[in-house]
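Trainee: Dropping the structure in here first, questions after.
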Number of protein chains: 2
Amino acid sequence: MNSFFYYNPTKIEFGKDSVEQLSKLIGDNHKKVLLHYGGGSIKRSGLYDKVIKILEDKEIEVFELGKVEPNPKLTLVREGIEICKKENISFILAVGGGSVIDSAKVMAVGVEYEGDVWDYFTGKADIESALPLGVVLTIPATGSESSPNAIVTNEDGMLKMGIEHDSIRPEFAILNPKLTLTLPTKQTFAGVVDIISHVHERYFTNTERVELTDGLCESTIRTVMNNGYKLKKDPMDYHARAEIMLSGTMAHSGILGLGREEDWGSHRIAHEMTALYGTTHGQTLSIVLPAWMKYVYKANVDKFVQFAKNVFHVEDMETPEETALEGIKRFEKFLKDMDMPISFTEANIPTDEFELMAEKASKGDIVGKFKKLDKKDIVNILELCK
Amino acid sequence: MNSFFYYNPTKIEFGKDSVEQLSKLIGDNHKKVLLHYGGGSIKRSGLYDKVIKILEDKEIEVFELGKVEPNPKLTLVREGIEICKKENISFILAVGGGSVIDSAKVMAVGVEYEGDVWDYFTGKADIESALPLGVVLTIPATGSESSPNAIVTNEDGMLKMGIEHDSIRPEFAILNPKLTLTLPTKQTFAGVVDIISHVHERYFTNTERVELTDGLCESTIRTVMNNGYKLKKDPMDYHARAEIMLSGTMAHSGILGLGREEDWGSHRIAHEMTALYGTTHGQTLSIVLPAWMKYVYKANVDKFVQFAKNVFHVEDMETPEETALEGIKRFEKFLKDMDMPISFTEANIPTDEFELMAEKASKGDIVGKFKKLDKKDIVNILELCK
């Protein structure tokens with residue numbers, strides 16, 4: 001186990017009536033709040049009205065910035081930063097999924113900086129502080145509700161890049177599984193894959209003697225898969241929604257990566273598919289993950305054997321390689337069962353830009369830790385995704 | 001899954017060189033610090049000198065209160081409160097195990113209260129705030145380093161009672177597994193049992209559809225058991241120490257109980273054994289847990305079947321009851337393998353005060369949730385401990 005520092009002060013309010021706690025959670029120190037959200041779904045569901053009423057009852061002046069798109073864009077972030085600076089806003093409330101939360105997080109650091117917020121992404125400036133923010137989560141997927149990470153797309157060059165800083169962990173996250181009961185199937189399962197991918201990025205490590213977190217990772221993956229199947233049968237199953245929502249937060253809270261070297265190769269590759277074709281994050285991960293697994297498993301067969309046995313209860317086969325491959329096969333089957341694409345073809349994405357994607361993903365550098373990948377490796381993985 | 005609120009802002013600094021981070025963690029706001037510790041072991045190990053040097057380098061005025069005993073006493077707590085009030089101390093640093101930390105926590109709330117701190121235990125006053133405190137952990141066991149709980153013994157009546165409040169979660173906890181390499185075997189395994197008991201109190205629940213936390217609990221128990229065996233073979237195994245140390249924090253951090261009704265019946269019974277005979281907490285738990293299990297399993301056989309299968313890989317036997325009992329038998333074997341007593345006789349404790357202990361544990365009320373226990377049930381459980 002490696003040494004580590006861990007700090008996660010996000011307050012989690014979880015359950016059927018959790019939105020009612022917003023008033024208490026936001027406290028009495030904020031007179032002007034930016035309400036950040038995506039499209040019309042929160043208006044249709046009544047969540048928007050409920051939130052507005054709670055804020056108005058507290059005599060909070062509410063400024064609004066909606067229209068966050070999936071894979072949130074820098075232009076909108078800059079617009080939000082302007083509003084916050086101009087209006088002296090002291091708190092951002094993100095109501096939505098990972099895109100809304102990430103967009104809010106980047107605003108939160110941008111408000112505290114005189115220059116252009118993109119400087120934080122290019123390394124030109126270091127994050128020091130952020131405006132406090134809170135979350136009402138509507139889509140369990142990215143785990144952004146308690147993570148120190150945010151990713152946005154700079155339309156200038158379609159660069160999808162991220163920042164990481166403890167100051168952008170939200171002050172609170174309101175998680176109400178009921179809000180997710182009516183999520184479209186496609187979004188539900190894209191979220192499921194995203195959650196599992198966050199565990200994978202931590203689970204597939206060469207760090208040895210990490211038995212506790214290995215076990216926590218395996219339990220989380222199994223839980224998300226089991227409850228994915230339950231939602232396929234009955235999308236209105238509150239408890240399956242609850243398991244997946246809590247797993248989503250757990251998967252990216254940092255707990256599962258304690259003392260481990262993390263990988264993040266698949267994410268880097270997947271981001272370039274999204275940047276180029278606008279493919280949903282969960283879909284790109286569904287395509288990349290099995291290919292990545294097939295390409296890298298030989299770097300540490302034992303870990304993949306462990307995955308096969310502890311996640312899928314695969315019995316030992318003739319060789320460790322066979323056992324490892326059986327685990328990957330079962331994972332691929334799970335993705336298919338969730339109606340997720342596992343190839344470019346299935347997702348109707350062109351296959352003629354692998355060099356460009358690999359170039360952008362690697363930027364002349366090495367990607368991932370489980371197996372260090374160079375540009376050529378990435379092209380090879382993309383070939384396996386065809 | 002039940003609704004819940006969760007907030008754990010304790011900073012965890014974990015690893016071989018974590019004590020070096022004390023200077024940064026304690027920050028620059030405290031000029032006067034109370035250093036709270038137990039006996040001479042931290043002086044013999046050099047940890048005391050290291051901590052003093054770090055504090056002196058920061059020009060912090062250090063007040064000392066040592067001599068915390070296992071099952072910390074209210075008299076010493078009151079003494080600490082006096083010192084803090086008189087000297088205007090703004091931070092308490094607990095260096096030691098659970099007893100030292102709990103003692104420090106009760107001081108921390110006592111300093112903020114004009115009346116007698118025992119009022120918080122009797123319900124005569126409600127905790128509102130606490131002096132900030134930090135921890136350098138030397139014994140993995142109680143999980144107090146990031147928990148909102150503290151337990152002390154009031155010598156007047158030998159009442160062992162607890163408080164719970166988020167304000168007493170330590171600001172930071174420094175966890176260095178190296179500090180635990182030389183722990184006496186008996187203390188090591190008493191800690192192992194304490195850790196497992198914290199998971200049990202959460203695991204054995206009648207709350208349904210708690211698959212994620214069930215899995216996290218099972219992984220944690222398995223990890224602690226496996227690494228208990230590793231330490232039996234080689235007490236100097238750093239990584240086994242690390243697994244147990246991290247598991248100890250995890251077990252009582254609150255994560256494993258999210259959305260679940262918790263039990264705490266065994267703890268209530270075990271506390272009375274300690275209050276009466278001074279028996280180490282881990283030992284009393286080792287005696288009570290198997291008896292409690294045998295007495296309550298019929299209240300929810302399925303949960304005990306799950307325990308047997310997922311923790312001990314027991315195959316289904318002829319009846320669920322047999323499978324459940326096999327799990328309990330294996331757990332009992334584990335305790336024996338750790339050289340822990342599983343009966344009053346083995347621990348050389350008298351068996352003639354069951355009525356008194358049951359009376360004190362229940363206080364005319366019901367104890368536990370998995371199976372609600374009255375005084376008579378507690379006597380029956382104690383009879384099974386003979």
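FYI, nothing fancy with the structure tokens labels: chains A, B, ... in order, residues from 1 per chain, ligands from 1 as they appear.
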Please report, as a tab-separated table, each residue of chain A lying at most 8 Å from chain B, together with the nearest pair of atoms and the separation in Å rounded to one decimal; use only C-alpha atoms, and order rows by chain and ascending residue number.
Mentor:
```
residue	atom	partner	partner_atom	distance
A:Met1	CA	B:His239	CA	6.4
A:Asn2	CA	B:Gly15	CA	7.0
A:Ser3	CA	B:Gly15	CA	4.2
A:Phe4	CA	B:Phe14	CA	5.2
A:Phe5	CA	B:Glu13	CA	4.6
A:Tyr6	CA	B:Ile12	CA	5.0
A:Tyr7	CA	B:Lys11	CA	4.6
A:Asn8	CA	B:Pro9	CA	5.8
A:Pro9	CA	B:Pro9	CA	4.2
A:Thr10	CA	B:Tyr7	CA	6.5
A:Lys11	CA	B:Tyr7	CA	4.6
A:Ile12	CA	B:Tyr6	CA	5.0
A:Glu13	CA	B:Phe5	CA	4.6
A:Phe14	CA	B:Phe4	CA	5.2
A:Gly15	CA	B:Ser3	CA	4.2
A:Lys16	CA	B:Ser3	CA	6.9
A:Ser18	CA	B:Ser3	CA	7.9
A:Arg209	CA	B:His239	CA	6.3
A:Val210	CA	B:Glu243	CA	7.3
A:Glu211	CA	B:Thr223	CA	6.3
A:Leu212	CA	B:Thr223	CA	5.6
A:Gly215	CA	B:Ser219	CA	5.0
A:Leu216	CA	B:Leu216	CA	5.3
A:Ser219	CA	B:Gly215	CA	5.0
A:Thr220	CA	B:Leu212	CA	6.1
A:Thr223	CA	B:Leu212	CA	5.6
A:His239	CA	B:Arg209	CA	6.3
A:Ala240	CA	B:Arg209	CA	8.0
A:Ala242	CA	B:Met1	CA	7.1
A:Glu243	CA	B:Leu212	CA	6.4
A:Leu246	CA	B:Leu212	CA	8.0
A:Ser247	CA	B:Leu212	CA	6.9
```
Trainee: Go through range 41-74 of chain B and collect every residue that DSSP, computed from the backbone, puts in strand (DSSP E); the answer should be as a ChimeraX atom specification.
Mentor: /B:61-65
Trainee: Can you write out the residues you just picked, keeping N, CA, C and O atoms, as a PDB file, in the first residue's frame?
Mentor:
```
ATOM      1  N   GLU B  61       3.158  26.635  22.192  1.00  0.00           N
ATOM      2  CA  GLU B  61       3.357  26.328  23.611  1.00  0.00           C
ATOM      3  C   GLU B  61       2.608  25.028  23.919  1.00  0.00           C
ATOM      4  O   GLU B  61       1.394  24.935  23.711  1.00  0.00           O
ATOM      5  N   VAL B  62       3.358  24.039  24.393  1.00  0.00           N
ATOM      6  CA  VAL B  62       2.767  22.715  24.586  1.00  0.00           C
ATOM      7  C   VAL B  62       2.443  22.469  26.057  1.00  0.00           C
ATOM      8  O   VAL B  62       3.315  22.583  26.918  1.00  0.00           O
ATOM      9  N   PHE B  63       1.185  22.149  26.341  1.00  0.00           N
ATOM     10  CA  PHE B  63       0.780  21.700  27.678  1.00  0.00           C
ATOM     11  C   PHE B  63       0.577  20.196  27.572  1.00  0.00           C
ATOM     12  O   PHE B  63       0.139  19.712  26.538  1.00  0.00           O
ATOM     13  N   GLU B  64       0.921  19.494  28.631  1.00  0.00           N
ATOM     14  CA  GLU B  64       0.859  18.038  28.526  1.00  0.00           C
ATOM     15  C   GLU B  64      -0.094  17.431  29.533  1.00  0.00           C
ATOM     16  O   GLU B  64      -0.161  17.854  30.668  1.00  0.00           O
ATOM     17  N   LEU B  65      -0.814  16.418  29.075  1.00  0.00           N
ATOM     18  CA  LEU B  65      -1.586  15.604  29.998  1.00  0.00           C
ATOM     19  C   LEU B  65      -1.470  14.155  29.539  1.00  0.00           C
ATOM     20  O   LEU B  65      -2.056  13.766  28.508  1.00  0.00           O
TER      21      LEU B  65
END
```
Trainee: Measuring atom to atom with only C-alpha atoms, identify which of B:Val314, B:Val77, B:Leu335, B:Ile196 is nearest to Ala108 in chain B.
Mentor: B:Val77
Trainee: Calculated over only C-alpha atoms, which of the candidates A:Arg260, A:Lys85, A:Arg268, A:His198 has the smallest distance to Gly248 in chain A?
Mentor: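 Counting only C-alpha atoms, the residue closest to Gly248 in chain A is A:His198.
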Trainee: Quick one: residues within 10 Å of Leu47 in chain B, only C-alpha atoms, excluding same-chain residues fewer than 4 positions away - as a list in words?
Mentor: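 Near neighbours after the sequence-gap exclusion: Val19, Ser41, Ile42, Lys43, Val51, Ile52, Lys53, Val95, Val136, Thr138 and Leu179 of chain B.
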Trainee: Take the residues that were just selected and, keeping all heavy atoms, output them as an mmCIF file, in the first residue's frame.
Mentor:
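In the end it all went to selection37.cif:
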```cif
data_model
loop_
_atom_site.group_PDB
_atom_site.id
_atom_site.type_symbol
_atom_site.label_atom_id
_atom_site.label_comp_id
_atom_site.auth_asym_id
_atom_site.auth_seq_id
_atom_site.Cartn_x
_atom_site.Cartn_y
_atom_site.Cartn_z
ATOM 1 N N VAL B 19 3.941 11.209 10.005
ATOM 2 C CA VAL B 19 4.092 12.078 11.186
ATOM 3 C C VAL B 19 4.749 13.406 10.793
ATOM 4 O O VAL B 19 4.442 14.453 11.373
ATOM 5 C CB VAL B 19 4.889 11.362 12.308
ATOM 6 C CG1 VAL B 19 5.045 12.271 13.529
ATOM 7 C CG2 VAL B 19 4.193 10.067 12.728
ATOM 8 N N SER B 41 4.921 4.392 26.281
ATOM 9 C CA SER B 41 5.342 3.762 25.023
ATOM 10 C C SER B 41 5.711 4.794 23.953
ATOM 11 O O SER B 41 6.643 4.596 23.183
ATOM 12 C CB SER B 41 4.274 2.798 24.509
ATOM 13 O OG SER B 41 3.140 3.520 24.090
ATOM 14 N N ILE B 42 5.009 5.928 23.935
ATOM 15 C CA ILE B 42 5.347 6.918 22.907
ATOM 16 C C ILE B 42 6.678 7.604 23.237
ATOM 17 O O ILE B 42 7.326 8.168 22.364
ATOM 18 C CB ILE B 42 4.226 7.963 22.659
ATOM 19 C CG1 ILE B 42 4.017 8.875 23.870
ATOM 20 C CG2 ILE B 42 2.943 7.314 22.222
ATOM 21 C CD1 ILE B 42 3.267 10.162 23.516
ATOM 22 N N LYS B 43 7.082 7.555 24.506
ATOM 23 C CA LYS B 43 8.396 8.106 24.859
ATOM 24 C C LYS B 43 9.486 7.117 24.467
ATOM 25 O O LYS B 43 10.510 7.489 23.894
ATOM 26 C CB LYS B 43 8.437 8.434 26.350
ATOM 27 C CG LYS B 43 7.484 9.582 26.700
ATOM 28 C CD LYS B 43 7.722 10.212 28.049
ATOM 29 C CE LYS B 43 6.799 11.431 28.197
ATOM 30 N NZ LYS B 43 6.707 11.956 29.549
ATOM 31 N N VAL B 51 7.131 14.505 18.018
ATOM 32 C CA VAL B 51 5.957 15.388 18.055
ATOM 33 C C VAL B 51 6.309 16.703 18.756
ATOM 34 O O VAL B 51 5.991 17.796 18.264
ATOM 35 C CB VAL B 51 4.770 14.680 18.763
ATOM 36 C CG1 VAL B 51 3.654 15.668 19.097
ATOM 37 C CG2 VAL B 51 4.239 13.557 17.888
ATOM 38 N N ILE B 52 6.991 16.590 19.905
ATOM 39 C CA ILE B 52 7.374 17.793 20.646
ATOM 40 C C ILE B 52 8.231 18.702 19.778
ATOM 41 O O ILE B 52 8.033 19.925 19.724
ATOM 42 C CB ILE B 52 8.139 17.399 21.940
ATOM 43 C CG1 ILE B 52 7.189 16.771 22.957
ATOM 44 C CG2 ILE B 52 8.883 18.593 22.529
ATOM 45 C CD1 ILE B 52 6.289 17.754 23.690
ATOM 46 N N LYS B 53 9.161 18.094 19.047
ATOM 47 C CA LYS B 53 10.056 18.899 18.213
ATOM 48 C C LYS B 53 9.262 19.643 17.130
ATOM 49 O O LYS B 53 9.485 20.833 16.895
ATOM 50 C CB LYS B 53 11.136 18.030 17.569
ATOM 51 C CG LYS B 53 12.203 18.898 16.890
ATOM 52 C CD LYS B 53 13.383 18.170 16.351
ATOM 53 C CE LYS B 53 14.349 19.145 15.659
ATOM 54 N NZ LYS B 53 13.752 20.270 14.946
ATOM 55 N N VAL B 95 -2.180 11.724 21.044
ATOM 56 C CA VAL B 95 -1.186 10.797 20.479
ATOM 57 C C VAL B 95 -1.362 9.470 21.202
ATOM 58 O O VAL B 95 -1.014 9.358 22.383
ATOM 59 C CB VAL B 95 0.246 11.335 20.654
ATOM 60 C CG1 VAL B 95 1.253 10.363 20.054
ATOM 61 C CG2 VAL B 95 0.385 12.714 20.014
ATOM 62 N N VAL B 136 -2.550 11.492 16.355
ATOM 63 C CA VAL B 136 -1.499 10.626 15.813
ATOM 64 C C VAL B 136 -1.801 9.248 16.382
ATOM 65 O O VAL B 136 -1.700 9.032 17.594
ATOM 66 C CB VAL B 136 -0.085 11.076 16.240
ATOM 67 C CG1 VAL B 136 0.959 10.144 15.632
ATOM 68 C CG2 VAL B 136 0.174 12.522 15.837
ATOM 69 N N THR B 138 -1.640 5.336 17.284
ATOM 70 C CA THR B 138 -0.611 4.316 17.528
ATOM 71 C C THR B 138 -1.184 2.906 17.641
ATOM 72 O O THR B 138 -0.438 1.941 17.604
ATOM 73 C CB THR B 138 0.157 4.634 18.833
ATOM 74 O OG1 THR B 138 -0.782 4.660 19.916
ATOM 75 C CG2 THR B 138 0.865 5.974 18.746
ATOM 76 N N LEU B 179 4.352 2.682 13.181
ATOM 77 C CA LEU B 179 4.228 2.875 14.630
ATOM 78 C C LEU B 179 3.585 1.673 15.315
ATOM 79 O O LEU B 179 3.648 1.532 16.531
ATOM 80 C CB LEU B 179 3.387 4.120 14.946
ATOM 81 C CG LEU B 179 3.947 5.483 14.524
ATOM 82 C CD1 LEU B 179 2.930 6.579 14.825
ATOM 83 C CD2 LEU B 179 5.263 5.776 15.247
#
```
Trainee: Out of range 46-245 of chain A, which residues get helix (DSSP H, G or I) from DSSP, as a PyMOL selection string?
Mentor: chain A and resi 47-57+74-87+98-110+119-122+166-168+177-180+185-203+211-233+238-245
Trainee: Dump C-alpha atoms for the selected residues as a tab-separated table (two decimals), in the first residue's frame?
Mentor:
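In the end it all went to result21.tsv:
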```
chain	number	residue	atom	x	y	z
A	47	LEU	CA	-37.34	20.00	-9.26
A	48	TYR	CA	-36.55	23.48	-10.58
A	49	ASP	CA	-39.64	24.97	-8.92
A	50	LYS	CA	-38.88	23.24	-5.66
A	51	VAL	CA	-35.31	24.52	-5.60
A	52	ILE	CA	-36.33	28.06	-6.53
A	53	LYS	CA	-38.94	28.08	-3.79
A	54	ILE	CA	-36.43	26.95	-1.16
A	55	LEU	CA	-33.96	29.64	-2.22
A	56	GLU	CA	-36.61	32.35	-2.37
A	57	ASP	CA	-37.93	31.39	1.06
A	74	LEU	CA	-15.71	26.41	-21.83
A	75	THR	CA	-17.69	29.24	-23.43
A	76	LEU	CA	-20.59	28.73	-21.04
A	77	VAL	CA	-18.19	28.41	-18.11
A	78	ARG	CA	-16.66	31.78	-19.00
A	79	GLU	CA	-20.13	33.27	-19.19
A	80	GLY	CA	-20.88	31.98	-15.69
A	81	ILE	CA	-17.63	33.34	-14.32
A	82	GLU	CA	-18.55	36.76	-15.70
A	83	ILE	CA	-21.96	36.68	-14.02
A	84	CYS	CA	-20.47	35.60	-10.68
A	85	LYS	CA	-17.83	38.32	-10.78
A	86	LYS	CA	-20.21	41.04	-11.88
A	87	GLU	CA	-22.93	40.17	-9.40
A	98	GLY	CA	-21.85	15.45	-14.03
A	99	SER	CA	-21.73	17.98	-16.86
A	100	VAL	CA	-23.55	20.61	-14.84
A	101	ILE	CA	-21.44	19.92	-11.77
A	102	ASP	CA	-18.16	20.02	-13.69
A	103	SER	CA	-19.17	23.23	-15.40
A	104	ALA	CA	-19.99	24.73	-11.99
A	105	LYS	CA	-16.67	23.58	-10.54
A	106	VAL	CA	-14.66	25.23	-13.26
A	107	MET	CA	-16.64	28.42	-12.75
A	108	ALA	CA	-15.94	28.18	-9.02
A	109	VAL	CA	-12.19	28.29	-9.57
A	110	GLY	CA	-12.45	30.79	-12.41
A	119	ASP	CA	-4.79	28.67	-17.63
A	120	TYR	CA	-5.57	26.12	-14.92
A	121	PHE	CA	-5.91	23.42	-17.56
A	122	THR	CA	-2.71	24.23	-19.39
A	166	ASP	CA	-9.62	19.56	-3.17
A	167	SER	CA	-11.20	23.02	-3.14
A	168	ILE	CA	-13.71	21.98	-5.80
A	177	PRO	CA	-32.75	8.28	-6.03
A	178	LYS	CA	-36.39	9.17	-6.78
A	179	LEU	CA	-35.15	11.90	-9.11
A	180	THR	CA	-33.50	9.20	-11.23
A	185	THR	CA	-32.66	3.81	-20.20
A	186	LYS	CA	-29.74	4.94	-22.33
A	187	GLN	CA	-28.66	7.52	-19.78
A	188	THR	CA	-29.12	5.08	-16.92
A	189	PHE	CA	-26.83	2.51	-18.44
A	190	ALA	CA	-24.30	5.05	-19.69
A	191	GLY	CA	-24.12	6.12	-16.06
A	192	VAL	CA	-23.68	2.54	-14.92
A	193	VAL	CA	-20.70	2.13	-17.25
A	194	ASP	CA	-19.21	5.43	-16.14
A	195	ILE	CA	-19.43	4.37	-12.49
A	196	ILE	CA	-17.81	1.01	-13.18
A	197	SER	CA	-15.08	2.71	-15.21
A	198	HIS	CA	-14.19	4.88	-12.20
A	199	VAL	CA	-13.69	1.77	-10.16
A	200	HIS	CA	-11.68	0.10	-12.94
A	201	GLU	CA	-9.30	3.04	-13.15
A	202	ARG	CA	-8.42	2.41	-9.51
A	203	TYR	CA	-8.74	-1.36	-9.45
A	211	GLU	CA	-6.41	-5.98	-0.21
A	212	LEU	CA	-8.93	-3.71	1.52
A	213	THR	CA	-9.44	-1.38	-1.42
A	214	ASP	CA	-9.33	-4.31	-3.89
A	215	GLY	CA	-12.25	-5.80	-2.01
A	216	LEU	CA	-14.13	-2.51	-1.82
A	217	CYS	CA	-13.67	-2.07	-5.58
A	218	GLU	CA	-14.89	-5.57	-6.34
A	219	SER	CA	-17.98	-5.14	-4.14
A	220	THR	CA	-18.79	-1.86	-5.81
A	221	ILE	CA	-18.49	-3.28	-9.33
A	222	ARG	CA	-20.65	-6.28	-8.44
A	223	THR	CA	-23.28	-4.04	-6.84
A	224	VAL	CA	-23.48	-1.75	-9.85
A	225	MET	CA	-23.75	-4.69	-12.25
A	226	ASN	CA	-26.41	-6.52	-10.21
A	227	ASN	CA	-28.48	-3.40	-9.90
A	228	GLY	CA	-28.00	-2.57	-13.57
A	229	TYR	CA	-29.72	-5.86	-14.33
A	230	LYS	CA	-32.45	-5.04	-11.80
A	231	LEU	CA	-33.11	-1.71	-13.53
A	232	LYS	CA	-33.29	-3.45	-16.86
A	233	LYS	CA	-36.17	-5.48	-15.49
A	238	TYR	CA	-36.18	2.68	-6.10
A	239	HIS	CA	-33.67	0.57	-4.22
A	240	ALA	CA	-31.76	-0.40	-7.35
A	241	ARG	CA	-31.60	3.31	-8.19
A	242	ALA	CA	-30.37	3.99	-4.65
A	243	GLU	CA	-27.62	1.36	-4.89
A	244	ILE	CA	-26.40	2.80	-8.16
A	245	MET	CA	-26.57	6.37	-6.94
```
Trainee: May I have the residues within 6 Å of range 347-359 of chain A as JSON, numbers by chain, using only C-alpha atoms and disregarding those fewer than 6 positions away in the same chain?
Mentor: {"A": [272, 341, 375, 378, 379]}
Trainee: Quick one: pull the distance between CA of Glu164 in chain A and CA of Ser362 in chain A, Å, one decimal.
Mentor: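 Rounded to one decimal, the two atoms are 18.8 Å apart.
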Trainee: Measure the distance from CA of Leu256 in chain B to CA of Gln283 in chain B in Å and round it to one decimal.
Mentor: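 We find that CA of Leu256 in chain B and CA of Gln283 in chain B lie 22.9 Å from each other.
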Trainee: Of the residues B:Ser144, B:Thr205, B:Thr274, B:Ser90, which is the one nearest to Met158 in chain B, using only C-alpha atoms?
Mentor: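 Among B:Ser144, B:Thr205, B:Thr274, B:Ser90, it is B:Thr274 that comes nearest to Met158 in chain B.
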Trainee: Taking into account only C-alpha atoms, which residue in the set A:Lys31, A:Ala361, A:Ala141, A:Pro132 is nearest to Thr249 in chain A?
Mentor: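 Closest candidate: A:Ala141.
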